[in-house]
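> So here's my_file-v9.txt (compact mmCIF, C-alpha atoms and all ligand atoms).
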# COMPACT_ATOMS: atom_id res chain seq x y z
CA MET A 1427 124.55 95.81 70.58
CA THR A 1428 121.73 94.88 68.20
CA ASP A 1429 118.53 93.41 69.64
CA PHE A 1430 119.33 90.07 68.04
CA LEU A 1431 122.82 89.89 69.55
CA LYS A 1432 121.46 90.93 72.94
CA LEU A 1433 118.82 88.20 72.77
CA ALA A 1434 121.37 85.60 71.62
CA LYS A 1435 123.78 86.53 74.44
CA ASN A 1436 121.06 86.38 77.09
CA GLY A 1437 119.60 83.18 75.62
CA PHE A 1438 123.02 81.54 75.89
CA LYS A 1439 123.37 82.67 79.51
CA LEU A 1440 119.91 81.31 80.36
CA TYR A 1441 119.86 78.03 78.45
CA GLY A 1442 123.56 77.37 77.81
CA LEU A 1443 125.10 78.39 81.13
CA GLY A 1444 122.03 77.90 83.31
CA GLN A 1445 122.31 81.47 84.64
CA ARG A 1446 119.30 83.57 85.57
CA VAL A 1447 118.46 86.57 83.36
CA PRO A 1448 115.53 88.95 84.07
CA LEU A 1449 114.27 89.07 80.47
CA PHE A 1450 110.73 90.11 81.40
CA VAL A 1451 109.98 92.56 84.19
CA LEU A 1452 106.59 93.70 85.42
CA TRP A 1453 106.85 96.85 87.52
CA LEU A 1454 104.06 98.04 89.78
CA LEU A 1455 105.14 101.70 89.60
CA THR A 1456 102.62 103.02 92.09
CA ASN A 1457 99.75 101.95 94.33
CA ARG A 1458 97.95 105.19 93.56
CA CYS A 1459 94.94 105.01 91.29
CA ASN A 1460 92.36 107.51 90.07
CA ILE A 1461 89.51 104.96 90.26
CA ARG A 1462 88.36 102.18 92.59
CA CYS A 1463 87.50 98.81 91.07
CA VAL A 1464 85.48 96.41 93.18
CA TYR A 1465 87.98 93.54 92.98
CA CYS A 1466 91.13 95.58 93.53
CA ASN A 1467 92.87 96.48 96.78
CA ILE A 1468 95.90 98.23 95.29
CA PRO A 1469 94.72 101.85 95.88
CA TYR A 1470 94.20 101.00 99.57
CA ARG A 1471 97.77 99.78 100.08
CA GLU A 1472 100.40 101.97 101.71
CA TYR A 1473 101.53 104.81 99.46
CA LYS A 1474 105.16 104.04 98.82
CA GLU A 1475 107.09 104.22 95.55
CA LEU A 1476 110.63 104.71 94.29
CA ASP A 1477 111.39 108.35 93.50
CA THR A 1478 112.21 109.55 89.99
CA LYS A 1479 115.99 109.47 90.37
CA ARG A 1480 116.06 105.90 91.65
CA SER A 1481 113.42 104.74 89.14
CA LEU A 1482 115.51 106.06 86.24
CA GLU A 1483 118.60 104.30 87.62
CA VAL A 1484 116.63 101.06 87.93
CA LEU A 1485 115.75 101.22 84.23
CA ASP A 1486 119.46 101.55 83.41
CA GLU A 1487 120.24 98.62 85.71
CA MET A 1488 117.54 96.51 84.08
CA ALA A 1489 119.02 97.03 80.61
CA GLU A 1490 122.46 96.17 82.01
CA ALA A 1491 121.07 92.97 83.56
CA GLY A 1492 119.62 91.80 80.22
CA THR A 1493 115.97 92.83 80.44
CA VAL A 1494 114.15 92.79 77.10
CA ARG A 1495 110.66 93.90 78.10
CA VAL A 1496 109.32 96.04 80.93
CA GLY A 1497 105.59 96.25 81.65
CA MET A 1498 104.69 99.34 83.70
CA TYR A 1499 101.52 98.95 85.70
CA GLY A 1500 100.00 99.99 88.99
CA GLY A 1501 97.75 101.34 90.39
CA GLU A 1502 97.45 103.71 87.49
CA PRO A 1503 100.97 104.39 86.15
CA LEU A 1504 99.81 107.58 84.40
CA VAL A 1505 99.24 109.28 87.78
CA ARG A 1506 103.02 109.45 88.17
CA LYS A 1507 104.19 112.92 87.17
CA ASP A 1508 107.48 111.44 85.93
CA ILE A 1509 105.89 108.79 83.69
CA TYR A 1510 107.06 110.49 80.49
CA ALA A 1511 110.67 110.49 81.72
CA LEU A 1512 110.46 106.85 82.85
CA VAL A 1513 109.11 105.63 79.52
CA LYS A 1514 111.68 107.75 77.67
CA ARG A 1515 114.53 106.23 79.70
CA ALA A 1516 113.20 102.72 79.16
CA LYS A 1517 113.12 103.30 75.41
CA GLU A 1518 116.60 104.90 75.43
CA ASN A 1519 117.79 101.69 77.04
CA GLY A 1520 116.29 99.66 74.20
CA LEU A 1521 113.60 98.02 76.35
CA ILE A 1522 110.31 96.92 74.82
CA THR A 1523 108.05 99.13 76.91
CA HIS A 1524 104.38 98.44 77.64
CA LEU A 1525 102.03 100.32 79.95
CA TYR A 1526 98.83 99.10 81.63
CA THR A 1527 96.11 101.70 82.18
CA ASN A 1528 92.41 102.13 82.90
CA GLY A 1529 92.42 104.74 80.13
CA ALA A 1530 91.07 107.81 81.95
CA LEU A 1531 94.34 109.76 81.84
CA VAL A 1532 95.45 108.73 78.39
CA GLU A 1533 94.48 111.88 76.47
CA ARG A 1534 96.49 114.20 78.71
CA ASN A 1535 99.49 111.84 78.44
CA LEU A 1536 99.64 111.33 74.70
CA ASP A 1537 103.34 112.23 74.53
CA THR A 1538 104.01 109.33 76.87
CA ILE A 1539 101.70 106.97 74.99
CA LYS A 1540 103.36 107.70 71.65
CA GLN A 1541 106.72 106.48 72.94
CA LEU A 1542 105.37 103.06 73.95
CA ASP A 1543 105.55 99.75 72.13
CA GLY A 1544 102.01 99.02 73.25
CA VAL A 1545 99.34 100.02 75.73
CA PHE A 1546 97.11 97.62 77.68
CA ILE A 1547 93.65 99.08 78.42
CA SER A 1548 91.21 97.42 80.83
CA LEU A 1549 87.68 96.79 79.58
CA ASP A 1550 85.37 94.35 81.33
CA GLY A 1551 82.42 94.34 78.92
CA PRO A 1552 79.60 96.65 77.83
CA GLU A 1553 78.99 99.92 79.71
CA GLU A 1554 76.64 98.49 82.31
CA ILE A 1555 79.01 95.79 83.52
CA HIS A 1556 82.23 97.81 83.15
CA ASP A 1557 80.84 100.77 85.12
CA LYS A 1558 79.45 98.43 87.77
CA TYR A 1559 82.96 97.11 88.46
CA ARG A 1560 85.02 100.22 87.83
CA GLY A 1561 82.78 103.23 88.51
CA LYS A 1562 80.35 105.40 86.59
CA GLY A 1563 81.77 106.92 83.42
CA THR A 1564 84.81 104.63 83.28
CA PHE A 1565 83.50 102.69 80.25
CA GLN A 1566 83.35 105.86 78.13
CA GLU A 1567 86.87 106.78 79.28
CA ALA A 1568 88.25 103.36 78.41
CA MET A 1569 86.56 103.37 74.99
CA ARG A 1570 87.90 106.83 74.23
CA ALA A 1571 91.37 105.65 75.27
CA ILE A 1572 91.17 102.62 72.95
CA GLU A 1573 90.10 104.91 70.11
CA VAL A 1574 92.82 107.50 70.70
CA CYS A 1575 95.69 105.10 71.46
CA SER A 1576 94.99 102.90 68.47
CA LYS A 1577 95.92 105.84 66.25
CA TYR A 1578 99.48 105.75 67.58
CA VAL A 1579 100.46 102.42 69.14
CA PRO A 1580 99.33 98.79 69.35
CA VAL A 1581 96.49 98.44 71.84
CA PHE A 1582 95.77 95.37 73.96
CA ILE A 1583 92.33 95.14 75.56
CA MET A 1584 92.57 93.44 78.97
CA THR A 1585 89.37 91.86 80.26
CA VAL A 1586 88.97 90.54 83.79
CA LEU A 1587 86.51 87.65 83.63
CA THR A 1588 84.05 87.12 86.45
CA ASN A 1589 80.92 85.04 86.99
CA GLU A 1590 78.91 88.06 85.77
CA ASN A 1591 80.67 89.14 82.57
CA LYS A 1592 81.49 85.80 80.98
CA SER A 1593 78.86 86.56 78.33
CA SER A 1594 80.97 89.61 77.31
CA ILE A 1595 83.70 87.48 75.73
CA GLN A 1596 82.17 87.80 72.26
CA TYR A 1597 81.51 91.54 72.74
CA ILE A 1598 85.18 92.21 73.60
CA SER A 1599 86.38 90.06 70.70
CA ASP A 1600 84.20 92.06 68.29
CA LEU A 1601 85.57 95.33 69.69
CA SER A 1602 89.12 94.13 69.19
CA SER A 1603 88.40 93.53 65.51
CA ARG A 1604 86.83 96.97 65.18
CA TYR A 1605 89.85 98.78 66.60
CA GLY A 1606 92.60 96.45 65.42
CA ALA A 1607 93.38 95.81 69.09
CA LEU A 1608 94.73 92.59 70.53
CA VAL A 1609 92.75 91.10 73.38
CA ASN A 1610 93.56 89.17 76.52
CA TYR A 1611 91.12 87.55 78.93
CA GLN A 1612 92.14 87.06 82.54
CA PRO A 1613 89.98 85.30 85.16
CA VAL A 1614 89.59 87.42 88.30
CA LEU A 1615 92.23 86.36 90.83
CA GLN A 1616 92.61 86.33 94.57
CA VAL A 1617 96.05 87.87 95.11
CA PRO A 1618 97.55 88.59 98.54
CA SER A 1619 97.31 92.34 99.24
CA LEU A 1620 96.53 93.22 95.60
CA SER A 1621 92.92 92.06 95.39
CA THR A 1622 89.88 92.42 97.59
CA ASP A 1623 88.00 89.28 98.62
CA VAL A 1624 86.84 88.16 95.17
CA THR A 1625 84.75 85.18 96.32
CA ASP A 1626 81.57 86.77 94.96
CA TYR A 1627 83.07 87.33 91.50
CA LYS A 1628 85.09 84.16 91.02
CA LEU A 1629 84.37 81.81 88.14
CA SER A 1630 83.42 78.29 89.14
CA HIS A 1631 85.36 75.46 87.50
CA GLU A 1632 82.45 74.90 85.11
CA ASP A 1633 82.21 78.62 84.28
CA LEU A 1634 85.93 78.78 83.59
CA LYS A 1635 85.70 75.80 81.25
CA GLU A 1636 82.80 77.42 79.44
CA CYS A 1637 84.79 80.66 79.05
CA ILE A 1638 87.83 78.83 77.72
CA GLU A 1639 85.70 76.90 75.23
CA LYS A 1640 84.21 80.18 74.02
CA ILE A 1641 87.64 81.86 73.71
CA LEU A 1642 88.99 78.83 71.83
CA GLU A 1643 86.07 78.97 69.42
CA LEU A 1644 86.62 82.71 68.84
CA LYS A 1645 90.38 82.27 68.51
CA ASN A 1646 89.75 80.34 65.28
CA LYS A 1647 87.99 83.39 63.83
CA ASN A 1648 89.77 86.29 65.52
CA PRO A 1649 93.59 86.26 65.24
CA ARG A 1650 93.78 89.18 67.67
CA ILE A 1651 92.98 86.99 70.67
CA ALA A 1652 96.38 86.85 72.33
CA LEU A 1653 96.08 83.64 74.37
CA SER A 1654 97.72 80.67 72.68
CA LYS A 1655 95.76 77.54 71.86
CA THR A 1656 98.29 75.54 73.87
CA TYR A 1657 97.43 77.45 77.03
CA LEU A 1658 93.70 77.36 76.36
CA LYS A 1659 93.66 73.62 75.62
CA ARG A 1660 95.80 72.75 78.64
CA MET A 1661 93.49 74.80 80.84
CA LEU A 1662 90.47 73.10 79.34
CA ASN A 1663 91.84 69.65 80.13
CA ARG A 1664 93.33 70.59 83.49
CA GLU A 1665 92.11 68.89 86.62
CA PRO A 1666 90.85 71.75 88.86
CA ASN A 1667 93.43 71.01 91.55
CA LEU A 1668 96.33 69.86 89.41
CA GLN A 1669 99.66 70.96 90.90
CA LYS A 1670 103.25 70.18 90.05
CA LYS A 1671 106.28 71.59 91.85
CA GLY A 1672 107.86 74.52 89.98
CA HIS A 1673 105.06 74.59 87.43
CA GLN A 1674 102.55 77.38 86.90
CA LEU A 1675 99.03 75.96 87.31
CA GLY A 1676 100.67 72.52 87.05
CA ILE A 1677 100.70 72.91 83.24
CA VAL A 1678 103.99 74.64 82.34
CA LYS A 1679 107.39 75.16 83.94
CA CYS A 1680 107.42 78.48 85.82
CA TRP A 1681 110.37 80.73 84.91
CA ASN A 1682 109.50 83.47 87.40
CA GLY A 1683 112.62 84.24 89.39
CA THR A 1684 114.74 82.63 86.64
CA ALA A 1685 113.86 84.67 83.54
CA SER A 1686 111.28 87.14 84.82
CA CYS A 1687 110.37 89.04 87.96
CA GLN A 1688 108.01 91.64 89.32
CA ILE A 1689 108.81 94.82 91.20
CA ASP A 1690 106.36 95.95 93.85
CA ALA A 1691 105.52 99.62 94.43
CA ASP A 1692 107.82 99.83 97.47
CA GLY A 1693 110.77 98.70 95.32
CA SER A 1694 110.95 95.08 96.50
CA VAL A 1695 111.82 92.58 93.75
CA HIS A 1696 109.80 89.35 93.68
CA SER A 1697 109.54 86.29 91.46
CA CYS A 1698 105.82 86.88 91.30
CA LEU A 1699 103.50 89.21 93.22
CA HIS A 1700 101.27 86.27 94.06
CA ILE A 1701 103.91 85.08 96.50
CA ASN A 1702 105.06 88.49 97.71
CA ASP A 1703 103.73 87.78 101.18
CA THR A 1704 105.88 84.65 101.63
CA GLU A 1705 108.99 85.21 99.52
CA LYS A 1706 112.07 86.93 100.93
CA ALA A 1707 113.03 89.89 98.75
CA LEU A 1708 115.60 92.67 98.47
CA ASN A 1709 114.56 96.27 97.95
CA LEU A 1710 115.78 98.55 95.18
CA GLU A 1711 116.14 101.45 97.64
CA GLU A 1712 119.24 99.70 98.94
CA ASN A 1713 120.16 97.23 96.21
CA ASN A 1714 121.07 97.17 92.55
CA PHE A 1715 118.39 95.54 90.35
CA LYS A 1716 120.67 92.63 89.34
CA GLU A 1717 121.53 91.86 92.98
CA ALA A 1718 117.87 91.93 93.96
CA PHE A 1719 116.94 89.63 91.06
CA GLU A 1720 119.76 87.18 91.78
CA TYR A 1721 118.71 87.01 95.43
CA LEU A 1722 115.52 85.22 94.33
CA GLY A 1723 115.46 81.44 94.17
CA HIS A 1724 114.21 79.33 91.29
CA CYS A 1725 110.46 78.90 91.50
CA SER A 1726 109.64 76.17 94.02
CA CYS A 1727 105.88 76.71 94.30
CA THR A 1728 103.80 73.61 94.66
CA THR A 1729 100.43 75.34 94.67
CA CYS A 1730 99.67 77.78 91.91
CA ASN A 1731 96.40 79.06 90.54
CA VAL A 1732 97.90 82.08 88.85
CA THR A 1733 96.75 82.63 85.27
CA CYS A 1734 98.58 85.85 84.42
CA SER A 1735 101.91 85.92 82.54
CA VAL A 1736 101.48 82.24 81.73
CA GLU A 1737 102.32 82.82 78.05
CA TYR A 1738 105.88 83.89 79.02
CA ASN A 1739 106.36 80.49 80.54
CA PHE A 1740 105.28 78.74 77.34
CA TRP A 1741 107.65 80.90 75.24
CA LEU A 1742 110.53 80.35 77.62
CA SER A 1743 109.83 76.60 77.56
CA PHE A 1744 110.07 76.71 73.74
CA ASN A 1745 106.50 75.59 73.16
CA PRO A 1746 106.29 75.82 69.34
CA GLU A 1747 102.61 76.77 69.04
CA SER A 1748 102.83 79.60 71.60
CA ILE A 1749 105.97 80.98 69.88
CA ILE A 1750 104.24 80.91 66.47
CA ASN A 1751 101.25 82.56 68.15
CA LEU A 1752 103.57 85.30 69.49
CA VAL A 1753 105.09 85.92 66.06
CA LYS A 1754 101.61 86.19 64.53
CA LEU A 1755 100.51 88.57 67.29
CA MET A 1756 103.53 90.78 66.70
CA ALA A 1757 102.57 90.94 63.02
CA GLN A 1758 98.92 91.64 63.92
CA SER A 1759 99.93 94.41 66.33
CA LYS A 1760 101.54 96.31 63.45
CA ASN A 1761 98.14 96.56 61.74
CA TYR A 1762 96.63 98.88 64.32
CA GLN A 1763 96.61 102.10 62.29
CA LYS A 1764 95.17 100.44 59.20
CA VAL A 1765 92.16 99.11 61.07
CA ALA A 1766 91.54 102.17 63.24
CA SER A 1767 91.69 104.75 60.48
S1 LIG B 1 92.23 97.35 88.86
FE1 LIG B 1 93.63 98.91 88.06
S2 LIG B 1 92.29 100.65 87.59
FE2 LIG B 1 91.14 99.33 88.98
S3 LIG B 1 91.55 100.15 91.05
FE3 LIG B 1 93.05 98.52 90.63
S4 LIG B 1 94.81 99.58 89.85
FE4 LIG B 1 93.08 101.00 89.67
S1 LIG B 2 102.71 81.49 92.15
FE1 LIG B 2 103.90 82.72 90.69
S2 LIG B 2 106.02 82.03 90.95
FE2 LIG B 2 104.72 80.46 91.86
S3 LIG B 2 104.35 78.95 90.22
FE3 LIG B 2 102.66 80.42 90.17
S4 LIG B 2 103.26 81.97 88.65
FE4 LIG B 2 105.12 80.82 89.26
Let's see the structure in the file written out as C-alpha cells.
Ligand code: SF4
Ligand code: SF4

Amino acid sequence: MTDFLKLAKNGFKLYGLGQRVPLFVLWLLTNRCNIRCVYCNIPYREYKELDTKRSLEVLDEMAEAGTVRVGMYGGEPLVRKDIYALVKRAKENGLITHLYTNGALVERNLDTIKQLDGVFISLDGPEEIHDKYRGKGTFQEAMRAIEVCSKYVPVFIMTVLTNENKSSIQYISDLSSRYGALVNYQPVLQVPSLSTDVTDYKLSHEDLKECIEKILELKNKNPRIALSKTYLKRMLNREPNLQKKGHQLGIVKCWNGTASCQIDADGSVHSCLHINDTEKALNLEENNFKEAFEYLGHCSCTTCNVTCSVEYNFWLSFNPESIINLVKLMAQSKNYQKVAS
C-alpha cells in the first residue's frame, strides 16, 4: 500500500470512525548509556530491554497497527548491538525512522545512520556548558556527529534549555544554519524515573518567557527552527498554571494514547512516559503491540507541564500553521547535503 493510501486509511479510522491508531511511537530502546548527564536518571534505571527477536516482531506489529513514524531513543540507542537490524526492519516496514543520540557512537555506526530518515543529536550550547552537563569531551563528539551525519541524513539538533544555557539559543540557531540542521529547544523537565531532581536547572516562568521570545524572534530569520509559531505564541501567553482536562499544557488537545504512544525500555506501552508511574500498561513481552496500545485509555490528564512531542498534538488537531510549518521543515530537511558540503 502506498504511503498516501496508508495515511488516508488510518486518518479515516482515527477521525472518521473514532478509532485509536498509534501513528507516532517513541521507543525507549534501552536504559543503557555511554555517558552520564546531570539531569538524567535513565542510565541508573534497572537494565531491562526487549531482546532482538521480540524487538523485530514489535516493529512488524507496529506497521500492522498503522504506525507511520517510530523514534528510537534511550539511553543511547547506538549501544544496542542489534541497532542496525532494528532500523533495517523499521525501514523494511515502511516506517519513518528517527534516532536520538548523544553522538559519541555515531562514527562506528554509520551503516545504521545512513538508513535513517533523520538523526536527533543533543547539544546544549558551547563546549563549556555542554561538557558541564554531559561530561568532558562530549561537546567535541556531538559536533563531530553533527558534521558526519549531515553528509548523509537530515540532522536535528536537540537542546535542553536550563537556567544556565538560555543565552545559548542564538549560538545553537547559528550552528543549525551552518550545518543545514533543524533545531529543537526543549526546557529541562522533571519526569518520574527518567530525570534526576532538576530543581537547580529549571527555568523560572520569567526565564521561560524570555527563551520563547528569543526563539520566536529567531524563528523569523531561521526557518530551521522546528517549533511552530502557534506553539511558541500559546506558550508565551499561557498562564503558568493553566490546565485543561485532556489537554497538553492546557493549550492543545493531547492525542497520546489515541494517536501516539511511548514504549519504555522494559517493553511496557504507555500513553506518555511522564505518566508511566500512574498509568496501567501492558507489556510487549506478553502482548502484541496493538493489544497493548488499545489497552490505554484516551488521555484524561488534568495536570500537564510536558513540553515534548507537543507539535504532534497540533498536527493531529489540524492546526493550519503547525501543519504548514511541518511541510516547510520537511522541505528544509532535504537541503542538508547542500549546506554541509
Ligand atoms: S540525557 Fe541521553 S545521553 Fe544523557 S545520560 Fe540521559 S540518555 Fe544518556
Ligand atoms: S502528561 Fe502526557 S499524556 Fe498527559 S496531557 Fe501531558 S503530554 Fe498528554
> Take every atom of range 1534-1549 of chain A listed in the file, pad by 4 Å on each side, and give me the axis-aligned box centre and edge lengths in Å, one decimal, as JSON.

{"center_x": 97.2, "center_y": 105.5, "center_z": 76.2, "size_x": 27.0, "size_y": 25.4, "size_z": 17.2}
> List all protein, DNA and RNA residues that have any atom at most 7 Å from ligand LIG 2 (chain B), counting only C-alpha atoms and all ligand atoms, and write the list as a list in words.
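Within the 7 Å cut-off, the matching residues are Gly1672, His1673, Gln1674, Leu1675, Cys1680, Trp1681, Asn1682, Ser1697, Cys1698, Leu1699, His1700, Ile1701, Cys1725, Ser1726, Cys1727, Thr1728, Thr1729, Cys1730, Asn1731 and Val1732 of chain A.
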> Using all atoms listed in the file, what does the table of chain A residues within 6 Å of ligand LIG 1 (chain B) look like, with each row giving the shortest atom pair and its distance in Å to one decimal, sorted by chain and ascending number, as JSON lines?

{"residue": "A:Cys1459", "atom": "CA", "partner": "B:LIG1", "partner_atom": "FE4", "distance": 4.7}
{"residue": "A:Ile1461", "atom": "CA", "partner": "B:LIG1", "partner_atom": "S3", "distance": 5.3}
{"residue": "A:Arg1462", "atom": "CA", "partner": "B:LIG1", "partner_atom": "S3", "distance": 4.1}
{"residue": "A:Cys1463", "atom": "CA", "partner": "B:LIG1", "partner_atom": "FE2", "distance": 4.2}
{"residue": "A:Cys1466", "atom": "CA", "partner": "B:LIG1", "partner_atom": "FE3", "distance": 4.6}
{"residue": "A:Ile1468", "atom": "CA", "partner": "B:LIG1", "partner_atom": "FE3", "distance": 5.5}
{"residue": "A:Gly1500", "atom": "CA", "partner": "B:LIG1", "partner_atom": "S4", "distance": 5.3}
{"residue": "A:Gly1501", "atom": "CA", "partner": "B:LIG1", "partner_atom": "S4", "distance": 3.5}
{"residue": "A:Glu1502", "atom": "CA", "partner": "B:LIG1", "partner_atom": "S4", "distance": 5.4}
{"residue": "A:Asn1528", "atom": "CA", "partner": "B:LIG1", "partner_atom": "S2", "distance": 4.9}
> So, with all atoms listed in the file as the atoms that count, which of A:Ile1583, A:Val1451, A:Val1736, A:Val1464 lies closest to Arg1495 in chain A?
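Result for the nearest residue to Arg1495 in chain A: A:Val1451.
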> Quick one: everything within 9 Å of Asn1436 in chain A, counting all atoms listed in the file, minus sequence neighbours fewer than 2 positions away in the same chain. Send it as a PDB file with C-alpha atoms, keeping the file's coordinate frame.

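Generated file (selection15.pdb):
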ATOM      1  CA  LEU A1431     122.820  89.890  69.550  1.00  0.00           C
ATOM      2  CA  LYS A1432     121.460  90.930  72.940  1.00  0.00           C
ATOM      3  CA  LEU A1433     118.820  88.200  72.770  1.00  0.00           C
ATOM      4  CA  ALA A1434     121.370  85.600  71.620  1.00  0.00           C
ATOM      5  CA  PHE A1438     123.020  81.540  75.890  1.00  0.00           C
ATOM      6  CA  LYS A1439     123.370  82.670  79.510  1.00  0.00           C
ATOM      7  CA  LEU A1440     119.910  81.310  80.360  1.00  0.00           C
ATOM      8  CA  TYR A1441     119.860  78.030  78.450  1.00  0.00           C
ATOM      9  CA  VAL A1447     118.460  86.570  83.360  1.00  0.00           C
ATOM     10  CA  LEU A1449     114.270  89.070  80.470  1.00  0.00           C
ATOM     11  CA  GLY A1492     119.620  91.800  80.220  1.00  0.00           C
ATOM     12  CA  THR A1493     115.970  92.830  80.440  1.00  0.00           C
TER      13      THR A1493
END
> Which residues are near Met1584 in chain A? Cut-off 12 Å, all atoms listed in the file, ignore same chain within fewer than 2 positions. Put them as a PDB file with C-alpha atoms, in the coordinates of the input.

ATOM      1  CA  LEU A1525     102.030 100.320  79.950  1.00  0.00           C
ATOM      2  CA  TYR A1526      98.830  99.100  81.630  1.00  0.00           C
ATOM      3  CA  THR A1527      96.110 101.700  82.180  1.00  0.00           C
ATOM      4  CA  ASN A1528      92.410 102.130  82.900  1.00  0.00           C
ATOM      5  CA  GLY A1529      92.420 104.740  80.130  1.00  0.00           C
ATOM      6  CA  VAL A1545      99.340 100.020  75.730  1.00  0.00           C
ATOM      7  CA  PHE A1546      97.110  97.620  77.680  1.00  0.00           C
ATOM      8  CA  ILE A1547      93.650  99.080  78.420  1.00  0.00           C
ATOM      9  CA  SER A1548      91.210  97.420  80.830  1.00  0.00           C
ATOM     10  CA  LEU A1549      87.680  96.790  79.580  1.00  0.00           C
ATOM     11  CA  ASP A1550      85.370  94.350  81.330  1.00  0.00           C
ATOM     12  CA  GLY A1551      82.420  94.340  78.920  1.00  0.00           C
ATOM     13  CA  HIS A1556      82.230  97.810  83.150  1.00  0.00           C
ATOM     14  CA  ALA A1568      88.250 103.360  78.410  1.00  0.00           C
ATOM     15  CA  ILE A1572      91.170 102.620  72.950  1.00  0.00           C
ATOM     16  CA  VAL A1581      96.490  98.440  71.840  1.00  0.00           C
ATOM     17  CA  PHE A1582      95.770  95.370  73.960  1.00  0.00           C
ATOM     18  CA  VAL A1586      88.970  90.540  83.790  1.00  0.00           C
ATOM     19  CA  LEU A1587      86.510  87.650  83.630  1.00  0.00           C
ATOM     20  CA  ILE A1595      83.700  87.480  75.730  1.00  0.00           C
ATOM     21  CA  ILE A1598      85.180  92.210  73.600  1.00  0.00           C
ATOM     22  CA  SER A1599      86.380  90.060  70.700  1.00  0.00           C
ATOM     23  CA  LEU A1601      85.570  95.330  69.690  1.00  0.00           C
ATOM     24  CA  SER A1602      89.120  94.130  69.190  1.00  0.00           C
ATOM     25  CA  ALA A1607      93.380  95.810  69.090  1.00  0.00           C
ATOM     26  CA  LEU A1608      94.730  92.590  70.530  1.00  0.00           C
ATOM     27  CA  VAL A1609      92.750  91.100  73.380  1.00  0.00           C
ATOM     28  CA  ASN A1610      93.560  89.170  76.520  1.00  0.00           C
ATOM     29  CA  TYR A1611      91.120  87.550  78.930  1.00  0.00           C
ATOM     30  CA  GLN A1612      92.140  87.060  82.540  1.00  0.00           C
ATOM     31  CA  PRO A1613      89.980  85.300  85.160  1.00  0.00           C
ATOM     32  CA  VAL A1614      89.590  87.420  88.300  1.00  0.00           C
ATOM     33  CA  ILE A1651      92.980  86.990  70.670  1.00  0.00           C
ATOM     34  CA  ALA A1652      96.380  86.850  72.330  1.00  0.00           C
ATOM     35  CA  LEU A1653      96.080  83.640  74.370  1.00  0.00           C
ATOM     36  CA  CYS A1734      98.580  85.850  84.420  1.00  0.00           C
TER      37      CYS A1734
END
> Of the residues A:Ile1641, A:Leu1452, A:Leu1710, A:Ala1757, which is the one nearest to Ser1593 in chain A, using only C-alpha atoms?
A:Ile1641
> Taking into account only C-alpha atoms, which residue in the set A:Ser1748, A:Ser1759, A:Thr1625, A:Asn1648 is nearest to Ser1576 in chain A?
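That would be A:Ser1759, the residue with the smallest distance to Ser1576 in chain A.
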> Quick one: of A:Asn1467, A:Asp1557, A:Cys1575, A:Leu1521, who's nearest to Glu1533 in chain A, counting all atoms listed in the file?
A:Cys1575
> So which residues touch Glu1518 in chain A within 10 Å, counting all atoms listed in the file, skipping near sequence neighbours fewer than 3 positions away, as a VMD selection string?
chain A and resid 1485 to 1486 1489 1512 to 1515 1521
> Measuring atom to atom with all atoms listed in the file, identify which of A:Leu1662, A:Ala1691, A:Val1624, A:Leu1755 is nearest to Glu1636 in chain A.
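Distance minimum relative to Glu1636 in chain A lands on A:Leu1662.
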> My list of candidates is A:Lys1655, A:Lys1706, A:Lys1716, A:Lys1679. Which is closest to Phe1740 in chain A when distances are computed with all atoms listed in the file?
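Checking each of A:Lys1655, A:Lys1706, A:Lys1716, A:Lys1679 against Phe1740 in chain A, counting all atoms listed in the file, the winner is A:Lys1679.
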> Up to 12 Å from (86.7, 75.4, 84.3) in the file's coordinates: name the residues, counting all atoms listed in the file, as a PyMOL selection string.
chain A and resi 1589+1613+1628-1640+1658-1667
> Enter the distance from CA of Lys1517 in chain A to CA of Val1494 in chain A, in Å, rounded to one decimal.
10.7 Å
> Using CA of Gln1688 in chain A and CA of Pro1448 in chain A as the two end points, give the distance in Å to one decimal.
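CA of Pro1448 in chain A lies 9.6 Å from CA of Gln1688 in chain A.
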> Within 9 Å of (106.5, 87.3, 74.3) (file coordinates; only C-alpha atoms), which protein or nucleic acid residues are there? I'd like them as a PyMOL selection string.
chain A and resi 1450+1495+1737-1738+1741-1742+1748-1749+1752-1753+1756
